[in-house]
file structure18.cif (mmCIF, C-alpha atoms)
data_coords
#
loop_
_atom_site.label_atom_id
_atom_site.label_comp_id
_atom_site.auth_asym_id
_atom_site.auth_seq_id
_atom_site.Cartn_x
_atom_site.Cartn_y
_atom_site.Cartn_z
CA MET A 4 32.90 -80.25 57.48
CA GLU A 5 35.68 -82.01 55.57
CA LEU A 6 37.53 -82.72 58.82
CA ILE A 7 34.40 -84.33 60.30
CA ASP A 8 34.01 -86.46 57.17
CA ASP A 9 37.56 -87.76 57.74
CA ILE A 10 37.24 -88.30 61.50
CA LEU A 11 33.84 -90.04 61.43
CA PRO A 12 34.95 -93.22 59.56
CA ILE A 13 38.06 -93.47 61.77
CA LEU A 14 36.00 -93.33 64.97
CA PHE A 15 33.41 -95.70 63.53
CA SER A 16 36.08 -98.24 62.54
CA ILE A 17 37.56 -98.09 66.07
CA PHE A 18 34.09 -98.76 67.51
CA VAL A 19 33.39 -101.70 65.18
CA GLY A 20 36.81 -103.25 65.73
CA GLY A 21 36.42 -102.75 69.49
CA ILE A 22 33.07 -104.53 69.65
CA ILE A 23 34.41 -107.57 67.79
CA GLY A 24 37.69 -107.42 69.69
CA ILE A 25 35.93 -107.53 73.06
CA GLU A 26 34.34 -110.85 72.11
CA ARG A 27 37.72 -112.28 71.01
CA GLU A 28 39.32 -110.97 74.21
CA TYR A 29 36.56 -112.57 76.30
CA GLN A 30 37.23 -115.90 74.55
CA LEU A 31 40.96 -115.52 75.42
CA LYS A 32 42.00 -115.67 71.76
CA SER A 33 45.49 -114.80 70.55
CA ALA A 34 44.18 -111.78 68.61
CA GLY A 35 42.00 -109.69 70.91
CA LEU A 36 40.79 -106.14 71.43
CA ARG A 37 43.80 -104.14 70.25
CA THR A 38 44.44 -106.37 67.25
CA MET A 39 40.87 -106.14 65.93
CA ILE A 40 40.75 -102.37 66.44
CA LEU A 41 44.07 -101.86 64.63
CA VAL A 42 43.09 -104.16 61.75
CA THR A 43 39.74 -102.40 61.22
CA LEU A 44 41.28 -98.94 61.62
CA GLY A 45 44.21 -99.73 59.32
CA ALA A 46 41.95 -101.09 56.58
CA CYS A 47 39.72 -98.02 56.92
CA ILE A 48 42.60 -95.55 56.63
CA PHE A 49 44.16 -97.38 53.68
CA THR A 50 40.80 -97.40 51.86
CA MET A 51 40.28 -93.68 52.53
CA LEU A 52 43.81 -93.04 51.25
CA SER A 53 43.24 -95.07 48.08
CA ILE A 54 40.07 -93.09 47.34
CA ASN A 55 41.81 -89.73 47.92
CA LEU A 56 44.71 -90.79 45.70
CA GLY A 57 42.36 -91.99 42.98
CA ALA A 58 42.96 -88.95 40.83
CA SER A 59 46.69 -89.67 40.49
CA GLY A 60 46.57 -93.44 40.19
CA SER A 61 44.42 -96.53 40.32
CA PRO A 62 41.95 -96.03 43.23
CA ASP A 63 41.61 -99.73 43.89
CA ARG A 64 45.34 -100.61 43.99
CA ILE A 65 45.89 -99.91 47.70
CA ALA A 66 42.56 -101.45 48.67
CA ALA A 67 43.37 -104.62 46.74
CA ASN A 68 46.71 -104.95 48.54
CA ILE A 69 44.93 -104.79 51.92
CA ILE A 70 43.41 -108.20 51.20
CA THR A 71 46.84 -109.65 50.40
CA GLY A 72 48.48 -108.07 53.43
CA ILE A 73 45.80 -109.15 55.88
CA GLY A 74 46.34 -112.74 54.76
CA PHE A 75 49.81 -112.68 56.31
CA VAL A 76 48.41 -111.31 59.57
CA GLY A 77 45.73 -113.99 59.69
CA ALA A 78 48.26 -116.75 58.98
CA GLY A 79 50.20 -115.67 62.08
CA VAL A 80 47.39 -116.69 64.45
CA ILE A 81 46.89 -120.19 63.02
CA PHE A 82 48.67 -122.87 65.00
CA LYS A 83 49.10 -126.59 64.38
CA GLU A 84 49.38 -128.63 67.55
CA GLU A 85 49.96 -132.35 67.12
CA ASN A 86 47.05 -133.31 64.83
CA ARG A 87 44.88 -130.28 65.58
CA VAL A 88 44.67 -126.88 63.93
CA SER A 89 43.58 -123.89 66.03
CA GLY A 90 43.11 -120.21 65.34
CA LEU A 91 41.13 -120.49 62.11
CA THR A 92 38.12 -118.59 63.49
CA THR A 93 40.39 -115.81 64.80
CA ALA A 94 42.16 -115.60 61.43
CA VAL A 95 38.83 -115.31 59.61
CA THR A 96 37.68 -112.68 62.15
CA ILE A 97 40.79 -110.60 61.34
CA TRP A 98 39.93 -110.95 57.66
CA ILE A 99 36.31 -109.86 58.18
CA CYS A 100 37.43 -106.94 60.37
CA ALA A 101 39.59 -105.75 57.48
CA SER A 102 36.61 -105.99 55.14
CA LEU A 103 34.48 -103.96 57.57
CA GLY A 104 37.22 -101.36 57.83
CA MET A 105 37.35 -101.11 54.04
CA THR A 106 33.56 -100.78 53.91
CA ILE A 107 33.66 -97.94 56.45
CA GLY A 108 36.57 -96.24 54.68
CA ALA A 109 34.61 -96.32 51.43
CA GLY A 110 31.67 -94.61 53.16
CA TYR A 111 29.22 -97.52 53.15
CA TYR A 112 28.12 -97.11 56.77
CA GLN A 113 24.81 -98.93 56.51
CA GLU A 114 26.48 -102.00 55.03
CA ALA A 115 29.18 -101.83 57.71
CA ILE A 116 26.57 -101.71 60.51
CA ILE A 117 24.68 -104.72 59.08
CA GLY A 118 27.95 -106.62 58.58
CA SER A 119 29.13 -105.85 62.12
CA ILE A 120 25.87 -107.07 63.64
CA ALA A 121 26.05 -110.25 61.55
CA VAL A 122 29.64 -110.95 62.65
CA PHE A 123 28.81 -110.32 66.31
CA ILE A 124 25.80 -112.66 66.15
CA LEU A 125 27.86 -115.35 64.44
CA LEU A 126 30.63 -115.14 67.03
CA ILE A 127 28.34 -115.02 70.07
CA MET A 128 25.21 -117.01 69.23
CA PHE A 129 26.68 -119.65 66.95
CA LYS A 130 29.23 -120.59 69.59
CA TYR A 131 26.37 -122.09 71.59
CA VAL A 132 25.07 -123.84 68.47
CA GLN A 133 28.58 -125.23 67.90
CA ASP A 134 28.70 -126.47 71.51
CA ILE A 135 25.43 -128.36 70.95
CA ILE A 136 26.79 -129.89 67.74
CA ASP A 137 30.01 -130.90 69.52
CA ARG A 138 28.02 -132.65 72.24
CA ILE A 139 26.21 -134.63 69.55
CA SER A 140 29.22 -135.36 67.38
CA THR A 141 32.84 -134.22 67.73
CA ARG A 142 36.17 -135.53 66.47
CA TYR A 143 39.07 -136.49 68.70
CA THR A 144 42.52 -137.68 67.68
CA TYR A 145 43.77 -140.47 69.94
CA GLN A 146 47.40 -141.51 70.12
CA ILE A 147 48.27 -144.62 72.13
CA SER A 148 51.73 -146.04 72.85
CA LEU A 149 52.10 -149.53 74.36
CA PRO A 150 54.04 -152.80 73.98
CA TYR A 151 53.28 -154.48 70.66
CA GLN A 152 50.87 -157.40 70.62
CA GLU A 153 49.12 -159.11 67.73
CA GLY A 154 45.64 -157.64 67.24
CA ILE A 155 46.11 -154.87 69.82
CA ALA A 156 44.84 -152.17 67.43
CA GLU A 157 41.61 -154.09 66.85
CA LYS A 158 41.11 -154.34 70.62
CA TYR A 159 40.86 -150.57 70.99
CA GLU A 160 38.85 -150.17 67.82
CA ASN A 161 36.32 -152.56 69.35
CA LEU A 162 36.34 -150.34 72.46
CA PHE A 163 35.45 -147.30 70.34
CA ARG A 164 32.78 -149.27 68.51
CA ALA A 165 31.27 -150.51 71.77
CA HIS A 166 30.76 -146.89 72.84
CA HIS A 167 29.20 -145.86 69.52
CA LEU A 168 32.27 -144.06 68.21
CA LYS A 169 33.45 -144.30 64.60
CA SER A 170 37.22 -144.70 64.34
CA MET A 171 39.63 -144.39 61.44
CA ARG A 172 43.12 -145.75 61.95
CA GLY A 173 45.91 -143.40 60.95
CA LYS A 174 49.68 -143.50 61.31
CA GLN A 175 51.23 -146.55 63.02
CA THR A 176 54.87 -146.75 64.12
CA ARG A 177 56.87 -149.47 65.83
CA SER A 178 60.26 -149.02 67.48
CA GLY A 179 61.48 -152.27 68.96
CA ASP A 180 58.70 -153.49 71.19
CA GLN A 181 57.05 -150.07 71.42
CA TYR A 182 53.96 -149.64 69.23
CA THR A 183 52.23 -146.28 68.59
CA ILE A 184 48.85 -145.95 66.90
CA ILE A 185 46.82 -142.88 65.95
CA TRP A 186 43.05 -142.88 65.38
CA ARG A 187 40.63 -140.19 64.30
CA VAL A 188 37.46 -140.89 66.24
CA GLN A 189 34.03 -139.32 65.70
CA GLY A 190 31.08 -139.40 68.08
CA ALA A 191 29.20 -137.83 70.98
CA ALA A 192 31.24 -135.95 73.58
CA LYS A 193 29.88 -138.06 76.46
CA ASN A 194 31.04 -141.24 74.70
CA HIS A 195 34.49 -139.74 74.24
CA ASP A 196 34.57 -138.97 77.96
CA ILE A 197 33.83 -142.61 78.81
CA CYS A 198 36.50 -143.88 76.42
CA THR A 199 39.18 -141.48 77.63
CA LYS A 200 38.60 -142.59 81.23
CA ILE A 201 38.94 -146.22 80.19
CA LEU A 202 42.11 -145.52 78.22
CA LEU A 203 43.67 -143.47 81.02
CA SER A 204 43.05 -146.26 83.53
CA ASP A 205 44.33 -149.01 81.20
CA THR A 206 47.60 -150.26 82.74
CA ALA A 207 48.66 -151.85 79.44
CA ILE A 208 49.04 -148.41 77.87
CA ASP A 209 52.30 -146.54 78.41
CA GLU A 210 51.10 -143.22 77.00
CA VAL A 211 47.79 -141.84 75.68
CA LYS A 212 47.17 -138.48 74.02
CA PHE A 213 43.86 -137.04 72.86
#

call {"tool": "encode", "arguments": {"input": "structure18.cif", "output": "structure tokens"}}
result
Amino acid sequence: MELIDDILPILFSIFVGGIIGIEREYQLKSAGLRTMILVTLGACIFTMLSINLGASGSPDRIAANIITGIGFVGAGVIFKEENRVSGLTTAVTIWICASLGMTIGAGYYQEAIIGSIAVFILLIMFKYVQDIIDRISTRYTYQISLPYQEGIAEKYENLFRAHHLKSMRGKQTRSGDQYTIIWRVQGAAKNHDICTKILLSDTAIDEVKF
């Protein structure tokens, strides 16, 4: 009976981590099936160990260090590309998988089931909600390089404004005759599409990034 009590949370943590990992794998994220299973399983085993060692030391010491340790794992999947940050959702998913593993290791199966269902719904269903929000209003970072002219920045800000996009001018650099401007632009995805086509076909621009 004692062996079953030890095996059950391990198998359950593998199942929970696998379900969440399948979704991350399907979304082609950097941390997928194996990572989520190992995070959930590891947190479960460490929590079980901390409970079993409770008689000889502080029962919450190992469990508390799981939270610190998982922060380093999560930080490894966050990437900064140009002016964009990616991987935050995956990092948070690793963090929540660790919490589910700890919940299972502590024997709170009902709470773990409810938490797992909530995470799965958030990852699956809310992605479609996020897509709808992005179509209504999303933020792009535009970087344009072109020969310097007086009032050239205002010209492109008027272009954004004409297509119902709100722009905020960021870093500007000039090297000789070459002028580079960065804007953070907010608005509907379809308006961004129109503007990017205009910018890409503008012969006055040497380079455009978005």

call {"tool": "atom_distance", "arguments": {"input": "structure18.cif", "atom1": "CA of Ser204 in chain A", "atom2": "CA of Asp137 in chain A"}}
result
24.5 Å

call {"tool": "atom_distance", "arguments": {"input": "structure18.cif", "atom1": "CA of Ala165 in chain A", "atom2": "CA of Asp209 in chain A"}}
result
22.4 Å

call {"tool": "resolve_selection", "arguments": {"input": "structure18.cif", "expression": "the PyMOL selection byres ((chain A and resi 116-130) around 8)", "output": "list in words"}}
result
Val19, Ile22, Ile23, Glu26, Leu103, Tyr112, Gln113, Glu114, Ala115, Tyr131, Val132, Gln133 and Asp134 of chain A

call {"tool": "resolve_selection", "arguments": {"input": "structure18.cif", "expression": "the PyMOL selection byres ((chain A and resi 152) around 12)", "output": "PDB file with C-alpha atoms, keeping the file's coordinate frame"}}
result
ATOM      1  CA  SER A 148      51.730-146.040  72.850  1.00  0.00           C
ATOM      2  CA  LEU A 149      52.100-149.530  74.360  1.00  0.00           C
ATOM      3  CA  PRO A 150      54.040-152.800  73.980  1.00  0.00           C
ATOM      4  CA  TYR A 151      53.280-154.480  70.660  1.00  0.00           C
ATOM      5  CA  GLU A 153      49.120-159.110  67.730  1.00  0.00           C
ATOM      6  CA  GLY A 154      45.640-157.640  67.240  1.00  0.00           C
ATOM      7  CA  ILE A 155      46.110-154.870  69.820  1.00  0.00           C
ATOM      8  CA  ALA A 156      44.840-152.170  67.430  1.00  0.00           C
ATOM      9  CA  GLU A 157      41.610-154.090  66.850  1.00  0.00           C
ATOM     10  CA  LYS A 158      41.110-154.340  70.620  1.00  0.00           C
ATOM     11  CA  ARG A 177      56.870-149.470  65.830  1.00  0.00           C
ATOM     12  CA  GLY A 179      61.480-152.270  68.960  1.00  0.00           C
ATOM     13  CA  ASP A 180      58.700-153.490  71.190  1.00  0.00           C
ATOM     14  CA  GLN A 181      57.050-150.070  71.420  1.00  0.00           C
ATOM     15  CA  TYR A 182      53.960-149.640  69.230  1.00  0.00           C
ATOM     16  CA  THR A 183      52.230-146.280  68.590  1.00  0.00           C
ATOM     17  CA  ALA A 207      48.660-151.850  79.440  1.00  0.00           C
ATOM     18  CA  ILE A 208      49.040-148.410  77.870  1.00  0.00           C
TER      19      ILE A 208
END

call {"tool": "atom_distance", "arguments": {"input": "structure18.cif", "atom1": "CA of Arg27 in chain A", "atom2": "CA of Tyr111 in chain A"}}
result
24.7 Å

call {"tool": "resolve_selection", "arguments": {"input": "structure18.cif", "expression": "the PyMOL selection byres ((chain A and resi 9) around 12)", "output": "NGL selection string"}}
result
:A and (4-8 or 10-16 or 47-48 or 50-52 or 54-55 or 107-110)

call {"tool": "residues_around", "arguments": {"input": "structure18.cif", "residues": "Ile73 in chain A", "least_positions_apart": "3", "cutoff": "9 Å", "atoms": "all atoms listed in the file", "output": "VMD selection string"}}
result
chain A and resid 42 46 68 to 70 76 to 78 97 to 98 101

call {"tool": "closest_residue", "arguments": {"input": "structure18.cif", "among": "A:Leu162, A:Leu168, A:Leu202, A:Leu56", "to": "Gln146 in chain A", "atoms": "only C-alpha atoms"}}
result
A:Leu202

call {"tool": "residues_around", "arguments": {"input": "structure18.cif", "residues": "range 138-143 of chain A", "least_positions_apart": "5", "cutoff": "9 Å", "atoms": "all atoms listed in the file", "output": "ChimeraX atom specification"}}
result
/A:133,186-193,195,213

call {"tool": "closest_residue", "arguments": {"input": "structure18.cif", "among": "A:Glu160, A:Ser53, A:Ile184, A:Lys174", "to": "Cys198 in chain A", "atoms": "only C-alpha atoms"}}
result
A:Glu160

call {"tool": "build_atoms", "arguments": {"input": "structure18.cif", "residues": "range 29-52 of chain A", "atoms": "N, CA, C and O atoms", "output": "PDB file, in the coordinates of the input"}}
result
ATOM      1  N   TYR A  29      37.320-111.799  75.315  1.00  0.00           N
ATOM      2  CA  TYR A  29      36.560-112.570  76.300  1.00  0.00           C
ATOM      3  C   TYR A  29      36.793-114.075  76.108  1.00  0.00           C
ATOM      4  O   TYR A  29      36.835-114.830  77.067  1.00  0.00           O
ATOM      5  N   GLN A  30      36.980-114.493  74.854  1.00  0.00           N
ATOM      6  CA  GLN A  30      37.230-115.900  74.550  1.00  0.00           C
ATOM      7  C   GLN A  30      38.705-116.270  74.708  1.00  0.00           C
ATOM      8  O   GLN A  30      39.094-117.399  74.415  1.00  0.00           O
ATOM      9  N   LEU A  31      39.525-115.308  75.175  1.00  0.00           N
ATOM     10  CA  LEU A  31      40.960-115.520  75.420  1.00  0.00           C
ATOM     11  C   LEU A  31      41.703-115.961  74.145  1.00  0.00           C
ATOM     12  O   LEU A  31      42.565-116.847  74.187  1.00  0.00           O
ATOM     13  N   LYS A  32      41.355-115.338  73.034  1.00  0.00           N
ATOM     14  CA  LYS A  32      42.000-115.670  71.760  1.00  0.00           C
ATOM     15  C   LYS A  32      43.310-114.905  71.606  1.00  0.00           C
ATOM     16  O   LYS A  32      43.533-113.871  72.234  1.00  0.00           O
ATOM     17  N   SER A  33      44.172-115.402  70.728  1.00  0.00           N
ATOM     18  CA  SER A  33      45.490-114.800  70.550  1.00  0.00           C
ATOM     19  C   SER A  33      45.407-113.389  69.971  1.00  0.00           C
ATOM     20  O   SER A  33      46.249-112.545  70.252  1.00  0.00           O
ATOM     21  N   ALA A  34      44.409-113.124  69.156  1.00  0.00           N
ATOM     22  CA  ALA A  34      44.180-111.780  68.610  1.00  0.00           C
ATOM     23  C   ALA A  34      42.937-111.217  69.277  1.00  0.00           C
ATOM     24  O   ALA A  34      41.832-111.699  69.040  1.00  0.00           O
ATOM     25  N   GLY A  35      43.125-110.208  70.132  1.00  0.00           N
ATOM     26  CA  GLY A  35      42.000-109.690  70.910  1.00  0.00           C
ATOM     27  C   GLY A  35      41.620-108.273  70.563  1.00  0.00           C
ATOM     28  O   GLY A  35      41.614-107.874  69.395  1.00  0.00           O
ATOM     29  N   LEU A  36      41.351-107.479  71.592  1.00  0.00           N
ATOM     30  CA  LEU A  36      40.790-106.140  71.430  1.00  0.00           C
ATOM     31  C   LEU A  36      41.667-105.229  70.586  1.00  0.00           C
ATOM     32  O   LEU A  36      41.219-104.673  69.578  1.00  0.00           O
ATOM     33  N   ARG A  37      42.928-105.077  70.972  1.00  0.00           N
ATOM     34  CA  ARG A  37      43.800-104.140  70.250  1.00  0.00           C
ATOM     35  C   ARG A  37      44.024-104.565  68.808  1.00  0.00           C
ATOM     36  O   ARG A  37      44.042-103.728  67.894  1.00  0.00           O
ATOM     37  N   THR A  38      44.186-105.877  68.606  1.00  0.00           N
ATOM     38  CA  THR A  38      44.440-106.370  67.250  1.00  0.00           C
ATOM     39  C   THR A  38      43.271-106.066  66.323  1.00  0.00           C
ATOM     40  O   THR A  38      43.455-105.564  65.202  1.00  0.00           O
ATOM     41  N   MET A  39      42.045-106.354  66.776  1.00  0.00           N
ATOM     42  CA  MET A  39      40.870-106.140  65.930  1.00  0.00           C
ATOM     43  C   MET A  39      40.644-104.660  65.646  1.00  0.00           C
ATOM     44  O   MET A  39      40.271-104.281  64.525  1.00  0.00           O
ATOM     45  N   ILE A  40      40.886-103.812  66.663  1.00  0.00           N
ATOM     46  CA  ILE A  40      40.750-102.370  66.440  1.00  0.00           C
ATOM     47  C   ILE A  40      41.760-101.887  65.398  1.00  0.00           C
ATOM     48  O   ILE A  40      41.418-101.157  64.458  1.00  0.00           O
ATOM     49  N   LEU A  41      43.017-102.311  65.546  1.00  0.00           N
ATOM     50  CA  LEU A  41      44.070-101.860  64.630  1.00  0.00           C
ATOM     51  C   LEU A  41      43.848-102.369  63.213  1.00  0.00           C
ATOM     52  O   LEU A  41      44.124-101.653  62.237  1.00  0.00           O
ATOM     53  N   VAL A  42      43.363-103.610  63.084  1.00  0.00           N
ATOM     54  CA  VAL A  42      43.090-104.160  61.750  1.00  0.00           C
ATOM     55  C   VAL A  42      41.978-103.372  61.062  1.00  0.00           C
ATOM     56  O   VAL A  42      42.101-102.966  59.890  1.00  0.00           O
ATOM     57  N   THR A  43      40.879-103.140  61.797  1.00  0.00           N
ATOM     58  CA  THR A  43      39.740-102.400  61.220  1.00  0.00           C
ATOM     59  C   THR A  43      40.137-100.965  60.897  1.00  0.00           C
ATOM     60  O   THR A  43      39.817-100.444  59.819  1.00  0.00           O
ATOM     61  N   LEU A  44      40.845-100.328  61.826  1.00  0.00           N
ATOM     62  CA  LEU A  44      41.280 -98.940  61.620  1.00  0.00           C
ATOM     63  C   LEU A  44      42.256 -98.843  60.448  1.00  0.00           C
ATOM     64  O   LEU A  44      42.140 -97.943  59.602  1.00  0.00           O
ATOM     65  N   GLY A  45      43.224 -99.761  60.403  1.00  0.00           N
ATOM     66  CA  GLY A  45      44.210 -99.730  59.320  1.00  0.00           C
ATOM     67  C   GLY A  45      43.563 -99.910  57.963  1.00  0.00           C
ATOM     68  O   GLY A  45      43.890 -99.184  57.002  1.00  0.00           O
ATOM     69  N   ALA A  46      42.637-100.867  57.853  1.00  0.00           N
ATOM     70  CA  ALA A  46      41.950-101.090  56.580  1.00  0.00           C
ATOM     71  C   ALA A  46      41.127 -99.877  56.181  1.00  0.00           C
ATOM     72  O   ALA A  46      41.064 -99.508  55.004  1.00  0.00           O
ATOM     73  N   CYS A  47      40.521 -99.222  57.179  1.00  0.00           N
ATOM     74  CA  CYS A  47      39.720 -98.020  56.920  1.00  0.00           C
ATOM     75  C   CYS A  47      40.589 -96.895  56.383  1.00  0.00           C
ATOM     76  O   CYS A  47      40.264 -96.260  55.369  1.00  0.00           O
ATOM     77  N   ILE A  48      41.712 -96.646  57.042  1.00  0.00           N
ATOM     78  CA  ILE A  48      42.600 -95.550  56.630  1.00  0.00           C
ATOM     79  C   ILE A  48      43.185 -95.812  55.236  1.00  0.00           C
ATOM     80  O   ILE A  48      43.260 -94.906  54.395  1.00  0.00           O
ATOM     81  N   PHE A  49      43.607 -97.060  54.991  1.00  0.00           N
ATOM     82  CA  PHE A  49      44.160 -97.380  53.680  1.00  0.00           C
ATOM     83  C   PHE A  49      43.118 -97.193  52.575  1.00  0.00           C
ATOM     84  O   PHE A  49      43.438 -96.735  51.470  1.00  0.00           O
ATOM     85  N   THR A  50      41.874 -97.559  52.863  1.00  0.00           N
ATOM     86  CA  THR A  50      40.800 -97.400  51.860  1.00  0.00           C
ATOM     87  C   THR A  50      40.522 -95.922  51.609  1.00  0.00           C
ATOM     88  O   THR A  50      40.365 -95.506  50.455  1.00  0.00           O
ATOM     89  N   MET A  51      40.473 -95.122  52.685  1.00  0.00           N
ATOM     90  CA  MET A  51      40.280 -93.680  52.530  1.00  0.00           C
ATOM     91  C   MET A  51      41.425 -93.077  51.709  1.00  0.00           C
ATOM     92  O   MET A  51      41.209 -92.226  50.840  1.00  0.00           O
ATOM     93  N   LEU A  52      42.648 -93.536  51.976  1.00  0.00           N
ATOM     94  CA  LEU A  52      43.810 -93.040  51.250  1.00  0.00           C
ATOM     95  C   LEU A  52      43.742 -93.403  49.770  1.00  0.00           C
ATOM     96  O   LEU A  52      44.042 -92.588  48.893  1.00  0.00           O
TER      97      LEU A  52
END
